[in-house]
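Novice: Take a look at target39.cif, mmCIF, C-alpha atoms and all ligand atoms; chains and numbers go by the auth columns:
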data_run
loop_
_atom_site.group_PDB
_atom_site.id
_atom_site.type_symbol
_atom_site.label_atom_id
_atom_site.label_comp_id
_atom_site.label_asym_id
_atom_site.label_seq_id
_atom_site.Cartn_x
_atom_site.Cartn_y
_atom_site.Cartn_z
_atom_site.B_iso_or_equiv
_atom_site.auth_seq_id
_atom_site.auth_asym_id
ATOM 1 C CA MET A 1 83.946 75.042 119.930 0.00 78 R
ATOM 2 C CA LYS A 2 80.351 76.155 120.261 0.00 79 R
ATOM 3 C CA ARG A 3 81.197 79.309 122.186 0.00 80 R
ATOM 4 C CA ILE A 4 83.903 80.244 119.738 0.00 81 R
ATOM 5 C CA THR A 5 81.583 79.594 116.804 0.00 82 R
ATOM 6 C CA ILE A 6 79.001 81.988 118.256 0.00 83 R
ATOM 7 C CA HIS A 7 81.664 84.673 118.740 0.00 84 R
ATOM 8 C CA TYR A 8 82.888 84.023 115.265 0.00 85 R
ATOM 9 C CA VAL A 9 79.474 84.210 113.614 0.00 86 R
ATOM 10 C CA THR A 10 78.259 87.221 115.631 0.00 87 R
ATOM 11 C CA HIS A 11 81.353 89.274 114.908 0.00 88 R
ATOM 12 C CA TYR A 12 81.434 88.107 111.352 0.00 89 R
ATOM 13 C CA VAL A 13 77.796 89.078 110.753 0.00 90 R
ATOM 14 C CA LEU A 14 78.102 92.366 112.659 0.00 91 R
ATOM 15 C CA GLY A 15 81.298 93.336 110.881 0.00 92 R
ATOM 16 C CA PHE A 16 79.934 92.528 107.473 0.00 93 R
ATOM 17 C CA ALA A 17 76.585 94.174 108.232 0.00 94 R
ATOM 18 C CA LEU A 18 78.401 97.389 109.170 0.00 95 R
ATOM 19 C CA CYS A 19 80.542 97.247 106.042 0.00 96 R
ATOM 20 C CA LEU A 20 77.450 96.573 103.963 0.00 97 R
ATOM 21 C CA VAL A 21 75.498 99.461 105.511 0.00 98 R
ATOM 22 C CA GLY A 22 78.478 101.776 105.010 0.00 99 R
ATOM 23 C CA LEU A 23 78.915 100.733 101.404 0.00 100 R
ATOM 24 C CA THR A 24 75.186 101.081 100.737 0.00 101 R
ATOM 25 C CA VAL A 25 75.200 104.621 102.166 0.00 102 R
ATOM 26 C CA LEU A 26 78.278 105.576 100.136 0.00 103 R
ATOM 27 C CA LEU A 27 76.829 104.120 96.937 0.00 104 R
ATOM 28 C CA ALA A 28 73.448 105.768 97.522 0.00 105 R
ATOM 29 C CA VAL A 29 75.096 109.161 98.056 0.00 106 R
ATOM 30 C CA LEU A 30 77.320 108.675 95.011 0.00 107 R
ATOM 31 C CA TRP A 31 74.300 107.572 92.980 0.00 108 R
ATOM 32 C CA LYS A 32 72.475 110.754 93.993 0.00 109 R
ATOM 33 C CA ALA A 33 75.482 113.027 93.489 0.00 110 R
ATOM 34 C CA TRP A 34 76.853 111.598 90.258 0.00 111 R
ATOM 35 C CA PRO A 35 74.440 113.260 87.763 0.00 112 R
ATOM 36 C CA ASN A 36 75.338 116.627 89.314 0.00 113 R
ATOM 37 C CA VAL A 37 79.099 116.283 89.215 0.00 114 R
ATOM 38 C CA PHE A 38 80.125 113.926 86.407 0.00 115 R
ATOM 39 C CA ALA A 39 80.099 116.681 83.770 0.00 116 R
ATOM 40 C CA SER A 40 82.468 118.787 85.820 0.00 117 R
ATOM 41 C CA GLN A 41 86.157 119.011 84.876 0.00 118 R
ATOM 42 C CA ASP A 42 87.338 118.359 88.398 0.00 119 R
ATOM 43 C CA VAL A 43 84.967 115.652 89.554 0.00 120 R
ATOM 44 C CA LEU A 44 86.472 115.275 93.017 0.00 121 R
ATOM 45 C CA SER A 45 86.208 118.923 94.051 0.00 122 R
ATOM 46 C CA ALA A 46 82.784 119.201 92.406 0.00 123 R
ATOM 47 C CA LEU A 47 81.741 116.154 94.420 0.00 124 R
ATOM 48 C CA GLU A 48 83.073 117.681 97.621 0.00 125 R
ATOM 49 C CA VAL A 49 81.230 120.944 97.002 0.00 126 R
ATOM 50 C CA TYR A 50 78.056 119.073 96.141 0.00 127 R
ATOM 51 C CA LEU A 51 78.266 116.843 99.220 0.00 128 R
ATOM 52 C CA TRP A 52 78.566 119.887 101.488 0.00 129 R
ATOM 53 C CA ALA A 53 75.774 121.725 99.672 0.00 130 R
ATOM 54 C CA ASP A 54 73.092 119.088 99.340 0.00 131 R
ATOM 55 C CA GLU A 55 71.145 117.470 102.127 0.00 132 R
ATOM 56 C CA PHE A 56 69.361 114.201 102.575 0.00 133 R
ATOM 57 C CA ASP A 57 65.903 114.549 104.069 0.00 134 R
ATOM 58 C CA PHE A 58 64.957 111.768 106.468 0.00 135 R
ATOM 59 C CA GLY A 59 61.616 113.462 107.098 0.00 136 R
ATOM 60 C CA PHE A 60 62.383 114.245 110.718 0.00 137 R
ATOM 61 C CA TYR A 61 66.005 115.228 110.244 0.00 138 R
ATOM 62 C CA ARG A 62 68.074 116.773 107.483 0.00 139 R
ATOM 63 C CA LEU A 63 71.639 115.648 107.114 0.00 140 R
ATOM 64 C CA LYS A 64 74.322 116.987 104.809 0.00 141 R
ATOM 65 C CA LEU A 65 75.414 114.380 102.280 0.00 142 R
ATOM 66 C CA MET A 66 79.007 114.839 103.443 0.00 143 R
ATOM 67 C CA HIS A 67 77.990 113.756 106.940 0.00 144 R
ATOM 68 C CA LEU A 68 76.274 110.714 105.465 0.00 145 R
ATOM 69 C CA VAL A 69 79.501 109.884 103.631 0.00 146 R
ATOM 70 C CA MET A 70 81.469 110.231 106.876 0.00 147 R
ATOM 71 C CA MET A 71 79.008 107.997 108.703 0.00 148 R
ATOM 72 C CA GLY A 72 79.166 105.459 105.886 0.00 149 R
ATOM 73 C CA ALA A 73 82.959 105.491 105.939 0.00 150 R
ATOM 74 C CA GLY A 74 82.867 105.267 109.740 0.00 151 R
ATOM 75 C CA ALA A 75 80.572 102.250 109.570 0.00 152 R
ATOM 76 C CA ILE A 76 82.979 100.531 107.176 0.00 153 R
ATOM 77 C CA VAL A 77 86.006 101.288 109.389 0.00 154 R
ATOM 78 C CA PHE A 78 84.115 100.075 112.472 0.00 155 R
ATOM 79 C CA GLY A 79 82.983 96.964 110.589 0.00 156 R
ATOM 80 C CA VAL A 80 86.572 96.173 109.614 0.00 157 R
ATOM 81 C CA LEU A 81 87.646 96.732 113.234 0.00 158 R
ATOM 82 C CA VAL A 82 84.928 94.370 114.454 0.00 159 R
ATOM 83 C CA LEU A 83 86.141 91.756 111.977 0.00 160 R
ATOM 84 C CA ALA A 84 89.705 92.245 113.253 0.00 161 R
ATOM 85 C CA VAL A 85 88.569 91.961 116.897 0.00 162 R
ATOM 86 C CA ARG A 86 86.624 88.849 115.970 0.00 163 R
ATOM 87 C CA ARG A 87 89.904 87.337 114.841 0.00 164 R
ATOM 88 C CA GLN A 88 91.554 88.247 118.157 0.00 165 R
ATOM 89 C CA VAL A 89 88.673 86.772 120.122 0.00 166 R
ATOM 90 C CA PHE A 90 88.941 83.672 118.001 0.00 167 R
ATOM 91 C CA TYR A 91 92.657 83.287 118.598 0.00 168 R
ATOM 92 C CA ALA A 92 92.594 84.401 122.241 0.00 169 R
ATOM 93 C CA GLY A 93 94.791 82.462 124.605 0.00 170 R
ATOM 94 C CA GLU A 94 98.277 81.155 124.041 0.00 171 R
ATOM 95 C CA HIS A 95 97.385 77.500 124.269 0.00 172 R
ATOM 96 C CA VAL A 96 94.133 75.776 123.566 0.00 173 R
ATOM 97 C CA LEU A 97 93.254 72.139 123.902 0.00 174 R
ATOM 98 C CA LEU A 98 91.420 70.761 120.902 0.00 175 R
ATOM 99 C CA GLN A 99 89.532 67.518 120.617 0.00 176 R
ATOM 100 C CA CYS A 100 88.988 65.573 117.438 0.00 177 R
ATOM 101 C CA PRO A 101 85.289 64.800 116.890 0.00 178 R
ATOM 102 C CA PHE A 102 86.146 61.434 115.311 0.00 179 R
ATOM 103 C CA CYS A 103 88.897 59.782 117.326 0.00 180 R
ATOM 104 C CA LYS A 104 88.300 61.857 120.531 0.00 181 R
ATOM 105 C CA ASN A 105 92.026 62.410 120.970 0.00 182 R
ATOM 106 C CA GLN A 106 93.099 65.757 122.364 0.00 183 R
ATOM 107 C CA TRP A 107 96.059 67.887 121.463 0.00 184 R
ATOM 108 C CA LYS A 108 97.434 71.286 122.329 0.00 185 R
ATOM 109 C CA VAL A 109 97.868 74.065 119.818 0.00 186 R
ATOM 110 C CA SER A 110 98.970 77.658 120.095 0.00 187 R
ATOM 111 C CA ARG A 111 95.953 78.967 118.194 0.00 188 R
ATOM 112 C CA ALA A 112 92.361 77.855 117.927 0.00 189 R
ATOM 113 C CA LYS A 113 91.407 77.097 114.373 0.00 190 R
ATOM 114 C CA ALA A 114 88.053 76.315 112.823 0.00 191 R
ATOM 115 C CA GLN A 115 89.525 73.678 110.540 0.00 192 R
ATOM 116 C CA VAL A 116 92.584 71.645 111.363 0.00 193 R
ATOM 117 C CA GLU A 117 94.131 68.320 110.533 0.00 194 R
ATOM 118 C CA CYS A 118 93.875 65.942 113.456 0.00 195 R
ATOM 119 C CA PRO A 119 97.428 64.781 114.358 0.00 196 R
ATOM 120 C CA HIS A 120 96.087 61.411 115.515 0.00 197 R
ATOM 121 C CA CYS A 121 93.789 60.223 112.761 0.00 198 R
ATOM 122 C CA LEU A 122 95.036 62.680 110.115 0.00 199 R
ATOM 123 C CA GLN A 123 91.543 63.733 109.089 0.00 200 R
ATOM 124 C CA PHE A 124 90.633 67.310 108.304 0.00 201 R
ATOM 125 C CA VAL A 125 88.220 68.117 111.138 0.00 202 R
ATOM 126 C CA GLN A 126 86.397 70.911 112.936 0.00 203 R
ATOM 127 C CA PRO A 127 87.895 70.330 116.392 0.00 204 R
ATOM 128 C CA THR A 128 86.052 70.839 119.661 0.00 205 R
ATOM 129 C CA LEU A 129 87.621 73.404 121.945 0.00 206 R
ATOM 130 C CA VAL A 130 88.221 71.701 125.295 0.00 207 R
ATOM 131 C CA LYS A 131 90.134 74.312 127.227 0.00 208 R
ATOM 132 C CA THR A 132 91.682 77.724 126.729 0.00 209 R
ATOM 133 C CA ARG A 133 94.742 78.582 128.777 0.00 210 R
ATOM 134 C CA LYS A 134 96.530 81.887 128.875 0.00 211 R
HETATM 135 ZN ZN ZN B . 91.215 62.475 115.060 0.00 1 F
#
Turn this file's structure into structure tokens for me.
Ligand SMILES: [Zn+2]
Specialist:
Amino acid sequence: MKRITIHYVTHYVLGFALCLVGLTVLLAVLWKAWPNVFASQDVLSALEVYLWADEFDFGFYRLKLMHLVMMGAGAIVFGVLVLAVRRQVFYAGEHVLLQCPFCKNQWKVSRAKAQVECPHCLQFVQPTLVKTRK
């Protein structure tokens, strides 16, 4: 269970961090662009033109806002992918052997789960992963 929990948390945190960074970038760009485009009749094309025209100055490097938007969107997509992979890692293996932390009975399931009802003592438990078999 411990190993799976680490995978779970790492991927979870990484995925959400990427999504958060992406969203922050997108919001920051939108925040900067909005006063320049909201009065326009066609906001979307005005936004596109503005994003290609304006640049964000990092001090050592200038980046077009459109590229920032792409990177932000890319970070979100990658974050979602990481979250999806996390799920695959979590459910890897066709059969896993789980152990109840209370009654110490073991049982086989097709998918590892963080929370499951123990079939022996019928308590809702966080089972220990004993073995993963392909
Ligand atoms: Zn039990």
Novice: Which residues are near ligand ZN 1 (chain F) - at most 6 Å, using all atoms listed in the file? Format: as a list of chain:residue names.
Specialist: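 Selection of residues at most 6 Å from ligand ZN 1 (chain F): R:Cys177, R:Phe179, R:Cys180, R:Asn182, R:Cys195, R:His197, R:Cys198.
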Novice: Give me, as a PyMOL selection string, all polymer residues having an atom no more than 8 Å from Leu145 (chain R), counting only C-alpha atoms and skipping those fewer than 5 positions away in the same chain.
Specialist: chain R and resi 102-103+106+140
Novice: Tell me, counting only C-alpha atoms, for each residue of region 143-207 of chain R within 9 Å of region 96-101 of chain R, which pair of atoms is nearest and how far apart they are in Å to one decimal, in rows ordered by chain and increasing number, as JSON lines.
Specialist:
{"residue": "R:Val146", "atom": "CA", "partner": "R:Gly99", "partner_atom": "CA", "distance": 8.3}
{"residue": "R:Met148", "atom": "CA", "partner": "R:Gly99", "partner_atom": "CA", "distance": 7.3}
{"residue": "R:Gly149", "atom": "CA", "partner": "R:Gly99", "partner_atom": "CA", "distance": 3.8}
{"residue": "R:Ala150", "atom": "CA", "partner": "R:Gly99", "partner_atom": "CA", "distance": 5.9}
{"residue": "R:Gly151", "atom": "CA", "partner": "R:Gly99", "partner_atom": "CA", "distance": 7.3}
{"residue": "R:Ala152", "atom": "CA", "partner": "R:Gly99", "partner_atom": "CA", "distance": 5.0}
{"residue": "R:Ile153", "atom": "CA", "partner": "R:Cys96", "partner_atom": "CA", "distance": 4.2}
{"residue": "R:Val154", "atom": "CA", "partner": "R:Cys96", "partner_atom": "CA", "distance": 7.6}
{"residue": "R:Phe155", "atom": "CA", "partner": "R:Cys96", "partner_atom": "CA", "distance": 7.9}
{"residue": "R:Gly156", "atom": "CA", "partner": "R:Cys96", "partner_atom": "CA", "distance": 5.2}
{"residue": "R:Val157", "atom": "CA", "partner": "R:Cys96", "partner_atom": "CA", "distance": 7.1}
Novice: Set up a box along x, y and z of the file covering all listed atoms of region 87-90 of chain R, add 3 Å on every one of the six sides, and write the centre and edge lengths in Å to one decimal, as lines of an AutoDock Vina configuration file.
Specialist:
center_x = 79.6
center_y = 88.2
center_z = 113.2
size_x = 9.6
size_y = 8.1
size_z = 10.9
Novice: Fewer than 6 positions away in the same chain doesn't count, so skip those; otherwise give me all residues within 10 Å of Gln183 (chain R), counting only C-alpha atoms, as JSON, numbers by chain.
Specialist: {"R": [174, 175, 176, 177, 195, 196, 197, 204, 205, 206, 207]}
Novice: Go ahead and write the selection's residues with C-alpha atoms as a compact mmCIF listing (two decimals), in the frame of the given file.
Specialist:
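Now in result.txt:
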# COMPACT_ATOMS: atom_id res chain seq x y z
CA LEU R 174 93.25 72.14 123.90
CA LEU R 175 91.42 70.76 120.90
CA GLN R 176 89.53 67.52 120.62
CA CYS R 177 88.99 65.57 117.44
CA CYS R 195 93.88 65.94 113.46
CA PRO R 196 97.43 64.78 114.36
CA HIS R 197 96.09 61.41 115.52
CA PRO R 204 87.90 70.33 116.39
CA THR R 205 86.05 70.84 119.66
CA LEU R 206 87.62 73.40 121.94
CA VAL R 207 88.22 71.70 125.30
Novice: Using the chain letters and numbers from the file, which residues does the PyMOL selection byres (((chain R and resi 128) around 8) and not hetatm) grab, as a list in words?
Specialist: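 Selected by the PyMOL selection byres (((chain R and resi 128) around 8) and not hetatm) in this file: Ala110, Leu124, Glu125, Val126, Tyr127, Trp129, Ala130, Asp131, Glu132, Lys141, Leu142 and Met143 of chain R.
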Novice: Can you write out the residues you just picked, keeping C-alpha atoms, as a PDB file, in the frame of the given file?
Specialist:
ATOM      1  CA  ALA R 110      75.482 113.027  93.489  1.00  0.00           C
ATOM      2  CA  LEU R 124      81.741 116.154  94.420  1.00  0.00           C
ATOM      3  CA  GLU R 125      83.073 117.681  97.621  1.00  0.00           C
ATOM      4  CA  VAL R 126      81.230 120.944  97.002  1.00  0.00           C
ATOM      5  CA  TYR R 127      78.056 119.073  96.141  1.00  0.00           C
ATOM      6  CA  TRP R 129      78.566 119.887 101.488  1.00  0.00           C
ATOM      7  CA  ALA R 130      75.774 121.725  99.672  1.00  0.00           C
ATOM      8  CA  ASP R 131      73.092 119.088  99.340  1.00  0.00           C
ATOM      9  CA  GLU R 132      71.145 117.470 102.127  1.00  0.00           C
ATOM     10  CA  LYS R 141      74.322 116.987 104.809  1.00  0.00           C
ATOM     11  CA  LEU R 142      75.414 114.380 102.280  1.00  0.00           C
ATOM     12  CA  MET R 143      79.007 114.839 103.443  1.00  0.00           C
TER      13      MET R 143
END
Novice: Can you tell me how far CA of Leu104 (chain R) sits from CA of Gln118 (chain R), in Å to one decimal?
Specialist: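 Calculated distance between CA of Leu104 (chain R) and CA of Gln118 (chain R) is 21.3 Å.
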Novice: So how many Å separate CA of Lys208 (chain R) and CA of Val173 (chain R), to one decimal?
Specialist: 5.6 Å
Novice: R:Val159, R:Lys109, R:Val114, R:His172: which is nearest Val86 (chain R), counting all atoms listed in the file?
Specialist: R:Val159
Novice: What is the distance between CA of Arg188 (chain R) and CA of Ala94 (chain R), in Å to one decimal?
Specialist: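 Answer for the CA of Arg188 (chain R) to CA of Ala94 (chain R) separation: 26.6 Å.
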Novice: Counting all atoms listed in the file, which residue out of R:Arg139, R:Phe201, R:Phe133, R:Leu107 sits closest to Leu121 (chain R)?
Specialist: R:Leu107
Novice: Would you fill the gaps in region 140-165 of chain R so it has N, CA and C atoms, then print it as a PDB file, in the coordinates of the input?
Specialist:
ATOM      1  N   LEU R 140      70.223 115.921 106.892  1.00  0.00           N
ATOM      2  CA  LEU R 140      71.639 115.648 107.114  1.00  0.00           C
ATOM      3  C   LEU R 140      72.392 115.987 105.836  1.00  0.00           C
ATOM      4  N   LYS R 141      73.487 116.705 105.974  1.00  0.00           N
ATOM      5  CA  LYS R 141      74.322 116.987 104.809  1.00  0.00           C
ATOM      6  C   LYS R 141      74.867 115.678 104.245  1.00  0.00           C
ATOM      7  N   LEU R 142      74.934 115.613 102.918  1.00  0.00           N
ATOM      8  CA  LEU R 142      75.414 114.380 102.280  1.00  0.00           C
ATOM      9  C   LEU R 142      76.828 114.040 102.750  1.00  0.00           C
ATOM     10  N   MET R 143      77.639 115.078 102.995  1.00  0.00           N
ATOM     11  CA  MET R 143      79.007 114.839 103.443  1.00  0.00           C
ATOM     12  C   MET R 143      79.015 114.096 104.773  1.00  0.00           C
ATOM     13  N   HIS R 144      78.063 114.453 105.655  1.00  0.00           N
ATOM     14  CA  HIS R 144      77.990 113.756 106.940  1.00  0.00           C
ATOM     15  C   HIS R 144      77.558 112.304 106.749  1.00  0.00           C
ATOM     16  N   LEU R 145      76.670 112.086 105.777  1.00  0.00           N
ATOM     17  CA  LEU R 145      76.274 110.714 105.465  1.00  0.00           C
ATOM     18  C   LEU R 145      77.485 109.911 104.998  1.00  0.00           C
ATOM     19  N   VAL R 146      78.300 110.555 104.137  1.00  0.00           N
ATOM     20  CA  VAL R 146      79.501 109.884 103.631  1.00  0.00           C
ATOM     21  C   VAL R 146      80.432 109.528 104.790  1.00  0.00           C
ATOM     22  N   MET R 147      80.599 110.487 105.721  1.00  0.00           N
ATOM     23  CA  MET R 147      81.469 110.231 106.876  1.00  0.00           C
ATOM     24  C   MET R 147      80.928 109.078 107.712  1.00  0.00           C
ATOM     25  N   MET R 148      79.601 109.081 107.919  1.00  0.00           N
ATOM     26  CA  MET R 148      79.008 107.997 108.703  1.00  0.00           C
ATOM     27  C   MET R 148      79.167 106.660 107.999  1.00  0.00           C
ATOM     28  N   GLY R 149      78.995 106.687 106.672  1.00  0.00           N
ATOM     29  CA  GLY R 149      79.166 105.459 105.886  1.00  0.00           C
ATOM     30  C   GLY R 149      80.586 104.944 105.999  1.00  0.00           C
ATOM     31  N   ALA R 150      81.548 105.879 105.837  1.00  0.00           N
ATOM     32  CA  ALA R 150      82.959 105.491 105.939  1.00  0.00           C
ATOM     33  C   ALA R 150      83.257 105.000 107.350  1.00  0.00           C
ATOM     34  N   GLY R 151      82.671 105.681 108.354  1.00  0.00           N
ATOM     35  CA  GLY R 151      82.867 105.267 109.740  1.00  0.00           C
ATOM     36  C   GLY R 151      82.333 103.864 109.985  1.00  0.00           C
ATOM     37  N   ALA R 152      81.166 103.575 109.405  1.00  0.00           N
ATOM     38  CA  ALA R 152      80.572 102.250 109.570  1.00  0.00           C
ATOM     39  C   ALA R 152      81.480 101.186 108.975  1.00  0.00           C
ATOM     40  N   ILE R 153      82.082 101.501 107.820  1.00  0.00           N
ATOM     41  CA  ILE R 153      82.979 100.531 107.176  1.00  0.00           C
ATOM     42  C   ILE R 153      84.217 100.303 108.049  1.00  0.00           C
ATOM     43  N   VAL R 154      84.814 101.410 108.544  1.00  0.00           N
ATOM     44  CA  VAL R 154      86.006 101.288 109.389  1.00  0.00           C
ATOM     45  C   VAL R 154      85.680 100.465 110.631  1.00  0.00           C
ATOM     46  N   PHE R 155      84.521 100.788 111.269  1.00  0.00           N
ATOM     47  CA  PHE R 155      84.115 100.075 112.472  1.00  0.00           C
ATOM     48  C   PHE R 155      83.867  98.596 112.157  1.00  0.00           C
ATOM     49  N   GLY R 156      83.236  98.349 110.998  1.00  0.00           N
ATOM     50  CA  GLY R 156      82.983  96.964 110.589  1.00  0.00           C
ATOM     51  C   GLY R 156      84.271  96.192 110.428  1.00  0.00           C
ATOM     52  N   VAL R 157      85.275  96.827 109.797  1.00  0.00           N
ATOM     53  CA  VAL R 157      86.572  96.173 109.614  1.00  0.00           C
ATOM     54  C   VAL R 157      87.229  95.914 110.971  1.00  0.00           C
ATOM     55  N   LEU R 158      87.099  96.895 111.885  1.00  0.00           N
ATOM     56  CA  LEU R 158      87.646  96.732 113.234  1.00  0.00           C
ATOM     57  C   LEU R 158      86.987  95.546 113.937  1.00  0.00           C
ATOM     58  N   VAL R 159      85.660  95.471 113.815  1.00  0.00           N
ATOM     59  CA  VAL R 159      84.928  94.370 114.454  1.00  0.00           C
ATOM     60  C   VAL R 159      85.418  93.036 113.901  1.00  0.00           C
ATOM     61  N   LEU R 160      85.646  92.990 112.588  1.00  0.00           N
ATOM     62  CA  LEU R 160      86.141  91.756 111.977  1.00  0.00           C
ATOM     63  C   LEU R 160      87.535  91.430 112.517  1.00  0.00           C
ATOM     64  N   ALA R 161      88.357  92.460 112.724  1.00  0.00           N
ATOM     65  CA  ALA R 161      89.705  92.245 113.253  1.00  0.00           C
ATOM     66  C   ALA R 161      89.632  91.751 114.691  1.00  0.00           C
ATOM     67  N   VAL R 162      88.747  92.371 115.502  1.00  0.00           N
ATOM     68  CA  VAL R 162      88.569  91.961 116.897  1.00  0.00           C
ATOM     69  C   VAL R 162      88.072  90.528 116.955  1.00  0.00           C
ATOM     70  N   ARG R 163      87.153  90.204 116.037  1.00  0.00           N
ATOM     71  CA  ARG R 163      86.624  88.849 115.970  1.00  0.00           C
ATOM     72  C   ARG R 163      87.786  87.866 115.852  1.00  0.00           C
ATOM     73  N   ARG R 164      88.776  88.229 115.037  1.00  0.00           N
ATOM     74  CA  ARG R 164      89.904  87.337 114.841  1.00  0.00           C
ATOM     75  C   ARG R 164      90.689  87.188 116.148  1.00  0.00           C
ATOM     76  N   GLN R 165      90.826  88.311 116.895  1.00  0.00           N
ATOM     77  CA  GLN R 165      91.554  88.247 118.157  1.00  0.00           C
ATOM     78  C   GLN R 165      90.802  87.391 119.163  1.00  0.00           C
TER      79      GLN R 165
END
